[in-house]
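A.B. asks: Have a look at this one before I ask anything.
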2 protein chains.
Amino acid sequence: MNAIEKSLPDSSLSSRVQALELTAEGVNLLDQTALPLSVSYILIRTAQEMADAIETMLVRGAPAIGIAGAYGVVLSARAYFATDLSLDEMTEKIRQDARMLAQTRPTAVNLFWALAEMEKVLQSPVSIPAELLDRLTEKARQIHQEDINACLSIGKHGAAVVPQGAGILTHCNAGALATGGYGTALGVVRSAFAQDATIQVFADETRPRLQGARLTTWELVEDGIPVTLVTDNMSGSLMQAKKVDVVVVGADRITANGDTANKIGTYNLALIAHAHGVPFYVAAPLSTIDITMETGDLIPIEERSSDEISTVNGELLCAKGVNFFNPAFDVTPAKYIAGIITEKGIARPPYQESLAKLFSDK
Amino acid sequence: MNAIEKSLPDSSLSSRVQALELTAEGVNLLDQTALPLSVSYILIRTAQEMADAIETMLVRGAPAIGIAGAYGVVLSARAYFATDLSLDEMTEKIRQDARMLAQTRPTAVNLFWALAEMEKVLQSPVSIPAELLDRLTEKARQIHQEDINACLSIGKHGAAVVPQGAGILTHCNAGALATGGYGTALGVVRSAFAQDATIQVFADETRPRLQGARLTTWELVEDGIPVTLVTDNMSGSLMQAKKVDVVVVGADRITANGDTANKIGTYNLALIAHAHGVPFYVAAPLSTIDITMETGDLIPIEERSSDEISTVNGELLCAKGVNFFNPAFDVTPAKYIAGIITEKGIARPPYQESLAKLFSDK
């Protein structure tokens, strides 16, 4: 990988922030491990590099890793297109790379959804390798563009649940950085702010990786939206002080009954909001809904390295000889969720019915 | 202040860890801002240095800052004893220093309680400056020793609520470092572990200052008690996984109705425990109970510098241009507290009656 510094792309989107871009050379990824101190892009040239980038969280956020996975398949197709493999051999090699991409992170369903979409192209009738490459490229670009469109719709639908002058609390980063652009939870924030600049945005810092502190504050400041940063354990204090009127978070996987896996601490926040009667919303595109999985307890929860807890910027924060527990996600039961804001509108309880309806209307 | 490195004192206490010690030269404070990377003592020679040490959290924890305040008065008395002031003049100068010590941190009541105890000595009939110095010294040492005794009793009473093989979750540091020795919440942990080495101890890291990560893990490892470190936002996930049977925390001020101010995040944890039916206990000596204050909403809550949130070890964690909210404490309403473990036994709801009884029996 080559790290190249460049200024942020000018964009016709409503956010100036873009996490990834397919170019003739490869995929430019905004290095999210370097934010907010350094804004640098890394050029990803191969499917293996993309798998590494997903695993090390250069790119993260459920919708964004779906798009990254699809682009990883395109990089695979480009590589094998440059060889003299037959169409069948090329297809099989690309499938191997897709399986490798699927091995990176287990919880967010968008990755598997996007790879399944790419597999459909691999299974479609094409006559020559060039056609396969074109179709895969077109499909990946379409997944990216549709995610942006979904976020814009999520923003529009979600803004309707944000009262005038409301305090909005969000967790982790479900923003432009976590999606094709604009964001899910932060899409709601952006759309609400566009209508009413008196809203107050609060961001949980989101230990252990601090995506709220490092990413959410950065992208909101970039877009000129005022934000107040708090530690994760201040949400109760904020709500006691009546500073929060609505909570909006993203999702990594939503099951058919509405149970939602999202960044660790989301469940805590849902319980705190519930205790205060503050409505708790999940904002996510349909590609995050795993309609084939019945309940949240079936979602595989990734456990990550203890270094994420024991160190910040490489400096040890605790005694040696300590044990760790570092689940990257938790599951919020549907009963704590006031609504699931999708590009097709807001699903309300009972989710078994409302989510199924979104898919049957699709 | 001179920083001197020395090995931990051998102690007849059940904890090897001691936060502060009165010597002929001054007060040796274990520098809690340097833990766990460096174990260093700082010699405090004057009341002003003690006030600075309390404010910058070289010494922290409600009972420990009470003791530190009392020792600060002794340092003041030593300084004025060395001059040729009259007894009355000396008394008034010491009072001025006591007022300065009271200005350091507003939330923990133990500081004000200890300074009030020292004021009683200042008001008692003595004939010469040497006698005043002796009595103040004796009183401060007594406050320290009684706090250790209180912690040992708290540990004994508290161990009774810890089931065989239980998972215990604690927040911040209510340990030997936060008290005269042994600890309140960690006193319960120590006593429970002495009876049953199969208990599992979980420590919240406790952002923003990470007292759980930096201090609690250190003092438990020092005493050979296994501990698992988690981020504050993992408590819900831990409880969903049935890993926590009881929560025990310390306190900075408990009002007559049982409402409890403690380190920020305690209230979140109480709500999470409540949602899971996990009993939530507060462990504190009577000196932490402000029986003259009716309810928790009257407790002054210290707000500290935003640097505590925006940086770790001096490195910036968030974008520039962000706002902050950094209350050092929150207030947990009495209704979420299963019991208040004191040196006189466990007070149970309704606290208005049970706490008043502890004081009338005193």
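Residues are named by chain letter and number: chains run A, B, ... in the order of the structure tokens, numbers start at 1 in each chain, and ligands are numbered from 1 in the order shown.
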Sort by chain and increasing residue number a table of all residues of chain B within 9 Å of chain A, each with its closest pair of atoms and their distance in Å to one decimal, counting only C-alpha atoms, and write it as JSON lines.
C.D. replies:
```
{"residue": "B:Leu35", "atom": "CA", "partner": "A:Cys318", "partner_atom": "CA", "distance": 8.3}
{"residue": "B:Pro36", "atom": "CA", "partner": "A:Ala319", "partner_atom": "CA", "distance": 5.5}
{"residue": "B:Leu37", "atom": "CA", "partner": "A:Ala319", "partner_atom": "CA", "distance": 7.5}
{"residue": "B:Glu205", "atom": "CA", "partner": "A:Ile309", "partner_atom": "CA", "distance": 8.6}
{"residue": "B:Thr206", "atom": "CA", "partner": "A:Asn233", "partner_atom": "CA", "distance": 7.9}
{"residue": "B:Arg207", "atom": "CA", "partner": "A:Thr231", "partner_atom": "CA", "distance": 6.4}
{"residue": "B:Pro208", "atom": "CA", "partner": "A:Thr231", "partner_atom": "CA", "distance": 6.6}
{"residue": "B:Leu210", "atom": "CA", "partner": "A:Leu317", "partner_atom": "CA", "distance": 7.7}
{"residue": "B:Gly212", "atom": "CA", "partner": "A:Cys318", "partner_atom": "CA", "distance": 8.3}
{"residue": "B:Ala213", "atom": "CA", "partner": "A:Cys318", "partner_atom": "CA", "distance": 4.7}
{"residue": "B:Arg214", "atom": "CA", "partner": "A:Cys318", "partner_atom": "CA", "distance": 4.6}
{"residue": "B:Leu215", "atom": "CA", "partner": "A:Cys318", "partner_atom": "CA", "distance": 7.5}
{"residue": "B:Thr216", "atom": "CA", "partner": "A:Cys318", "partner_atom": "CA", "distance": 8.7}
{"residue": "B:Thr217", "atom": "CA", "partner": "A:Ala319", "partner_atom": "CA", "distance": 5.6}
{"residue": "B:Trp218", "atom": "CA", "partner": "A:Ala319", "partner_atom": "CA", "distance": 4.8}
{"residue": "B:Glu219", "atom": "CA", "partner": "A:Ala319", "partner_atom": "CA", "distance": 8.5}
{"residue": "B:Val221", "atom": "CA", "partner": "A:Gly321", "partner_atom": "CA", "distance": 6.8}
{"residue": "B:Pro226", "atom": "CA", "partner": "A:Val322", "partner_atom": "CA", "distance": 7.0}
{"residue": "B:Val227", "atom": "CA", "partner": "A:Val322", "partner_atom": "CA", "distance": 5.8}
{"residue": "B:Thr228", "atom": "CA", "partner": "A:Asn323", "partner_atom": "CA", "distance": 4.3}
{"residue": "B:Leu229", "atom": "CA", "partner": "A:Phe324", "partner_atom": "CA", "distance": 5.1}
{"residue": "B:Val230", "atom": "CA", "partner": "A:Phe325", "partner_atom": "CA", "distance": 5.9}
{"residue": "B:Thr231", "atom": "CA", "partner": "A:Arg207", "partner_atom": "CA", "distance": 6.4}
{"residue": "B:Asp232", "atom": "CA", "partner": "A:Asn233", "partner_atom": "CA", "distance": 6.3}
{"residue": "B:Asn233", "atom": "CA", "partner": "A:Gly265", "partner_atom": "CA", "distance": 4.2}
{"residue": "B:Met234", "atom": "CA", "partner": "A:Gly265", "partner_atom": "CA", "distance": 5.8}
{"residue": "B:Ser235", "atom": "CA", "partner": "A:Asn268", "partner_atom": "CA", "distance": 7.2}
{"residue": "B:Gly236", "atom": "CA", "partner": "A:Asn268", "partner_atom": "CA", "distance": 5.3}
{"residue": "B:Ser237", "atom": "CA", "partner": "A:Asp330", "partner_atom": "CA", "distance": 6.0}
{"residue": "B:Leu238", "atom": "CA", "partner": "A:Phe325", "partner_atom": "CA", "distance": 8.9}
{"residue": "B:Ile264", "atom": "CA", "partner": "A:Met234", "partner_atom": "CA", "distance": 6.4}
{"residue": "B:Gly265", "atom": "CA", "partner": "A:Asn233", "partner_atom": "CA", "distance": 4.3}
{"residue": "B:Thr266", "atom": "CA", "partner": "A:Asn233", "partner_atom": "CA", "distance": 7.8}
{"residue": "B:Tyr267", "atom": "CA", "partner": "A:Gly236", "partner_atom": "CA", "distance": 6.3}
{"residue": "B:Asn268", "atom": "CA", "partner": "A:Gly236", "partner_atom": "CA", "distance": 5.3}
{"residue": "B:Leu269", "atom": "CA", "partner": "A:Asn233", "partner_atom": "CA", "distance": 8.2}
{"residue": "B:Leu271", "atom": "CA", "partner": "A:Ile272", "partner_atom": "CA", "distance": 6.5}
{"residue": "B:Ile272", "atom": "CA", "partner": "A:Leu271", "partner_atom": "CA", "distance": 6.5}
{"residue": "B:Ala275", "atom": "CA", "partner": "A:Leu271", "partner_atom": "CA", "distance": 7.2}
{"residue": "B:Ile309", "atom": "CA", "partner": "A:Thr231", "partner_atom": "CA", "distance": 7.0}
{"residue": "B:Ser310", "atom": "CA", "partner": "A:Ala213", "partner_atom": "CA", "distance": 8.0}
{"residue": "B:Val312", "atom": "CA", "partner": "A:Val312", "partner_atom": "CA", "distance": 7.2}
{"residue": "B:Asn313", "atom": "CA", "partner": "A:Glu315", "partner_atom": "CA", "distance": 7.9}
{"residue": "B:Glu315", "atom": "CA", "partner": "A:Asn313", "partner_atom": "CA", "distance": 7.9}
{"residue": "B:Leu316", "atom": "CA", "partner": "A:Leu37", "partner_atom": "CA", "distance": 7.7}
{"residue": "B:Leu317", "atom": "CA", "partner": "A:Arg214", "partner_atom": "CA", "distance": 5.8}
{"residue": "B:Cys318", "atom": "CA", "partner": "A:Arg214", "partner_atom": "CA", "distance": 4.6}
{"residue": "B:Ala319", "atom": "CA", "partner": "A:Trp218", "partner_atom": "CA", "distance": 4.8}
{"residue": "B:Lys320", "atom": "CA", "partner": "A:Trp218", "partner_atom": "CA", "distance": 7.8}
{"residue": "B:Gly321", "atom": "CA", "partner": "A:Val221", "partner_atom": "CA", "distance": 6.8}
{"residue": "B:Val322", "atom": "CA", "partner": "A:Val227", "partner_atom": "CA", "distance": 5.8}
{"residue": "B:Asn323", "atom": "CA", "partner": "A:Thr228", "partner_atom": "CA", "distance": 4.3}
{"residue": "B:Phe324", "atom": "CA", "partner": "A:Thr228", "partner_atom": "CA", "distance": 5.0}
{"residue": "B:Phe325", "atom": "CA", "partner": "A:Val230", "partner_atom": "CA", "distance": 5.9}
{"residue": "B:Asn326", "atom": "CA", "partner": "A:Val230", "partner_atom": "CA", "distance": 7.0}
{"residue": "B:Pro327", "atom": "CA", "partner": "A:Met234", "partner_atom": "CA", "distance": 8.0}
{"residue": "B:Phe329", "atom": "CA", "partner": "A:Ser237", "partner_atom": "CA", "distance": 8.6}
{"residue": "B:Asp330", "atom": "CA", "partner": "A:Ser237", "partner_atom": "CA", "distance": 6.0}
{"residue": "B:Val331", "atom": "CA", "partner": "A:Ser237", "partner_atom": "CA", "distance": 7.8}
```
A.B. asks: For stretch 344-346 of chain B, list every protein, DNA or RNA residue within 7 Å, evaluated using only C-alpha atoms, and leave out those in the same chain fewer than 5 positions away; present the list as a CSV table (one decimal) with N, CA, C and O atoms, in the first residue's frame.
C.D. replies:
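Wrote out.csv, looks like this:
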```
chain,number,residue,atom,x,y,z
B,157,HIS,N,-18.5,-6.8,56.5
B,157,HIS,CA,-19.9,-6.8,56.2
B,157,HIS,C,-20.3,-7.1,54.8
B,157,HIS,O,-21.2,-7.8,54.5
B,339,GLY,N,-28.1,-1.7,48.9
B,339,GLY,CA,-27.7,-1.6,50.3
B,339,GLY,C,-26.5,-0.7,50.3
B,339,GLY,O,-25.7,-0.6,49.3
B,358,LEU,N,-28.0,4.5,61.9
B,358,LEU,CA,-26.6,4.3,62.0
B,358,LEU,C,-25.9,5.5,62.8
B,358,LEU,O,-25.0,5.3,63.6
```
A.B. asks: So how many Å separate atom CA of B:His144 and atom CA of B:Leu20, to one decimal?
C.D. replies: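 Between atom CA of B:His144 and atom CA of B:Leu20 the gap is 9.4 Å.
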A.B. asks: Looking at only C-alpha atoms, which of A:Pro350, A:Gly175, A:Pro129, A:Gly258 is the one that sits closest to A:Glu294?
C.D. replies: A:Gly258
A.B. asks: For atom CA of B:Ser15 and atom CA of B:Ala150, quote the distance in Å rounded to one decimal.
C.D. replies: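 These two atoms are separated by 14.2 Å.
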A.B. asks: Can you pull out every residue within 7 Å of B:Ala108, counting only C-alpha atoms, but drop anything in the same chain fewer than 6 positions away, and send it as a short mmCIF file (atom, residue, chain, number, x, y, z; two decimals) with N, CA, C and O atoms, in the first residue's frame?
C.D. replies:
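Listed below is the output, around37.cif:
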```cif
data_model
loop_
_atom_site.label_atom_id
_atom_site.label_comp_id
_atom_site.auth_asym_id
_atom_site.auth_seq_id
_atom_site.Cartn_x
_atom_site.Cartn_y
_atom_site.Cartn_z
N ALA B 62 -12.60 9.66 48.12
CA ALA B 62 -13.21 10.48 49.17
C ALA B 62 -12.56 10.29 50.54
O ALA B 62 -12.13 11.28 51.16
N ASP B 252 -18.69 9.29 47.04
CA ASP B 252 -18.08 10.55 47.43
C ASP B 252 -18.96 11.34 48.39
O ASP B 252 -18.45 12.11 49.21
N ARG B 253 -20.25 11.17 48.27
CA ARG B 253 -21.17 11.76 49.24
C ARG B 253 -22.51 11.04 49.14
O ARG B 253 -23.06 10.87 48.07
#
```
A.B. asks: From stretch 58-230 of chain A, collect each residue whose DSSP state is helix (DSSP H, G or I) and return the set as a VMD selection string.
C.D. replies: chain A and resid 62 to 81 87 to 102 110 to 123 129 to 159 176 to 178 185 to 195 211 to 222
A.B. asks: How about saving the chosen residues, C-alpha atoms kept, as a compact mmCIF listing (two decimals), in the first residue's frame?
C.D. replies:
```txt
# COMPACT_ATOMS: atom_id res chain seq x y z
CA ALA A 62 -21.05 -1.77 8.40
CA PRO A 63 -22.18 -0.15 5.12
CA ALA A 64 -18.63 1.02 4.29
CA ILE A 65 -17.12 -2.43 4.75
CA GLY A 66 -19.85 -3.80 2.50
CA ILE A 67 -18.78 -1.36 -0.21
CA ALA A 68 -15.12 -2.06 0.52
CA GLY A 69 -15.78 -5.79 0.13
CA ALA A 70 -17.47 -5.24 -3.24
CA TYR A 71 -14.56 -3.08 -4.38
CA GLY A 72 -12.19 -5.78 -3.13
CA VAL A 73 -13.89 -8.19 -5.54
CA VAL A 74 -13.36 -5.64 -8.35
CA LEU A 75 -9.66 -5.44 -7.47
CA SER A 76 -9.54 -9.24 -7.64
CA ALA A 77 -11.24 -9.21 -11.04
CA ARG A 78 -8.81 -6.57 -12.33
CA ALA A 79 -5.85 -8.68 -11.22
CA TYR A 80 -7.07 -11.91 -12.84
CA PHE A 81 -8.26 -10.06 -15.94
CA LEU A 87 -13.50 -17.05 -17.83
CA ASP A 88 -14.25 -20.05 -15.62
CA GLU A 89 -10.81 -20.01 -14.00
CA MET A 90 -11.07 -16.26 -13.45
CA THR A 91 -14.51 -16.64 -11.88
CA GLU A 92 -13.22 -19.31 -9.49
CA LYS A 93 -10.18 -17.21 -8.49
CA ILE A 94 -12.40 -14.21 -7.80
CA ARG A 95 -14.64 -16.41 -5.65
CA GLN A 96 -11.61 -17.46 -3.61
CA ASP A 97 -10.78 -13.80 -3.00
CA ALA A 98 -14.39 -13.11 -2.06
CA ARG A 99 -14.19 -15.89 0.52
CA MET A 100 -11.01 -14.33 1.89
CA LEU A 101 -12.74 -10.95 2.12
CA ALA A 102 -15.60 -12.63 4.00
CA ASN A 110 -23.41 -5.74 5.01
CA LEU A 111 -20.10 -7.35 4.05
CA PHE A 112 -21.78 -10.71 3.42
CA TRP A 113 -24.71 -9.00 1.72
CA ALA A 114 -22.40 -7.10 -0.65
CA LEU A 115 -20.33 -10.20 -1.40
CA ALA A 116 -23.57 -12.08 -2.12
CA GLU A 117 -24.54 -9.33 -4.56
CA MET A 118 -21.17 -9.72 -6.27
CA GLU A 119 -21.62 -13.51 -6.34
CA LYS A 120 -24.87 -13.00 -8.23
CA VAL A 121 -22.84 -11.24 -10.94
CA LEU A 122 -20.32 -14.08 -10.92
CA GLN A 123 -23.21 -16.45 -11.55
CA PRO A 129 -13.52 -11.88 -18.92
CA ALA A 130 -13.78 -8.20 -19.92
CA GLU A 131 -17.53 -8.38 -19.61
CA LEU A 132 -17.28 -9.99 -16.17
CA LEU A 133 -14.92 -7.27 -15.00
CA ASP A 134 -17.24 -4.58 -16.33
CA ARG A 135 -20.29 -6.07 -14.68
CA LEU A 136 -18.55 -6.53 -11.32
CA THR A 137 -17.29 -2.96 -11.48
CA GLU A 138 -20.72 -1.66 -12.36
CA LYS A 139 -22.30 -3.66 -9.53
CA ALA A 140 -19.81 -2.42 -6.94
CA ARG A 141 -20.30 1.19 -8.03
CA GLN A 142 -24.04 0.63 -7.85
CA ILE A 143 -23.77 -0.77 -4.29
CA HIS A 144 -21.80 2.34 -3.35
CA GLN A 145 -24.23 4.78 -4.99
CA GLU A 146 -27.28 3.01 -3.59
CA ASP A 147 -25.79 3.21 -0.12
CA ILE A 148 -25.38 6.97 -0.47
CA ASN A 149 -28.95 7.25 -1.70
CA ALA A 150 -30.14 5.09 1.19
CA CYS A 151 -28.32 7.33 3.67
CA LEU A 152 -29.92 10.45 2.18
CA SER A 153 -33.34 8.82 2.54
CA ILE A 154 -32.55 7.65 6.08
CA GLY A 155 -31.59 11.23 6.90
CA LYS A 156 -34.85 12.55 5.53
CA HIS A 157 -37.01 10.00 7.36
CA GLY A 158 -35.00 10.28 10.56
CA ALA A 159 -35.09 14.08 10.73
CA ALA A 176 -20.11 9.48 6.16
CA LEU A 177 -16.98 7.60 7.25
CA ALA A 178 -18.99 4.46 8.03
CA ALA A 185 -27.22 7.98 12.36
CA LEU A 186 -25.16 11.01 11.29
CA GLY A 187 -27.30 11.20 8.14
CA VAL A 188 -30.20 11.81 10.52
CA VAL A 189 -28.08 14.39 12.36
CA ARG A 190 -27.10 16.12 9.09
CA SER A 191 -30.66 16.25 7.81
CA ALA A 192 -32.00 17.45 11.16
CA PHE A 193 -29.30 20.13 11.36
CA ALA A 194 -30.07 21.30 7.83
CA GLN A 195 -33.65 21.94 8.94
CA GLN A 211 -14.58 6.20 16.98
CA GLY A 212 -16.88 8.81 18.49
CA ALA A 213 -13.97 10.98 19.61
CA ARG A 214 -11.72 10.37 16.64
CA LEU A 215 -14.20 10.07 13.76
CA THR A 216 -17.62 11.51 14.65
CA THR A 217 -16.24 14.77 16.03
CA TRP A 218 -13.97 15.08 12.99
CA GLU A 219 -16.62 14.60 10.36
CA LEU A 220 -19.14 16.85 12.11
CA VAL A 221 -16.55 19.61 12.54
CA GLU A 222 -15.65 19.17 8.84
```
A.B. asks: From a DSSP calculation on the backbone, collect every residue of stretch 103-199 of chain B in strand (DSSP E) and output the set as a ChimeraX atom specification.
C.D. replies: /B:167-170
A.B. asks: Between atom CA of A:Leu169 and atom CA of A:Asp245, what is the distance in Å, rounded to a tenth?
C.D. replies: 8.1 Å
A.B. asks: So which residues touch A:Val27 within 6 Å, counting only C-alpha atoms, skipping near sequence neighbours fewer than 3 positions away, as a ChimeraX atom specification?
C.D. replies: /A:21-23,43-44
A.B. asks: Next, the residues of the selection above should be written as a CSV table (one decimal), in the first residue's frame with C-alpha atoms.
C.D. replies:
```csv
chain,number,residue,atom,x,y,z
A,21,GLU,CA,-13.4,5.8,-3.8
A,22,LEU,CA,-12.8,3.4,-6.7
A,23,THR,CA,-10.2,4.8,-9.2
A,43,LEU,CA,-4.3,3.3,-2.2
A,44,ILE,CA,-5.5,-0.3,-2.0
```
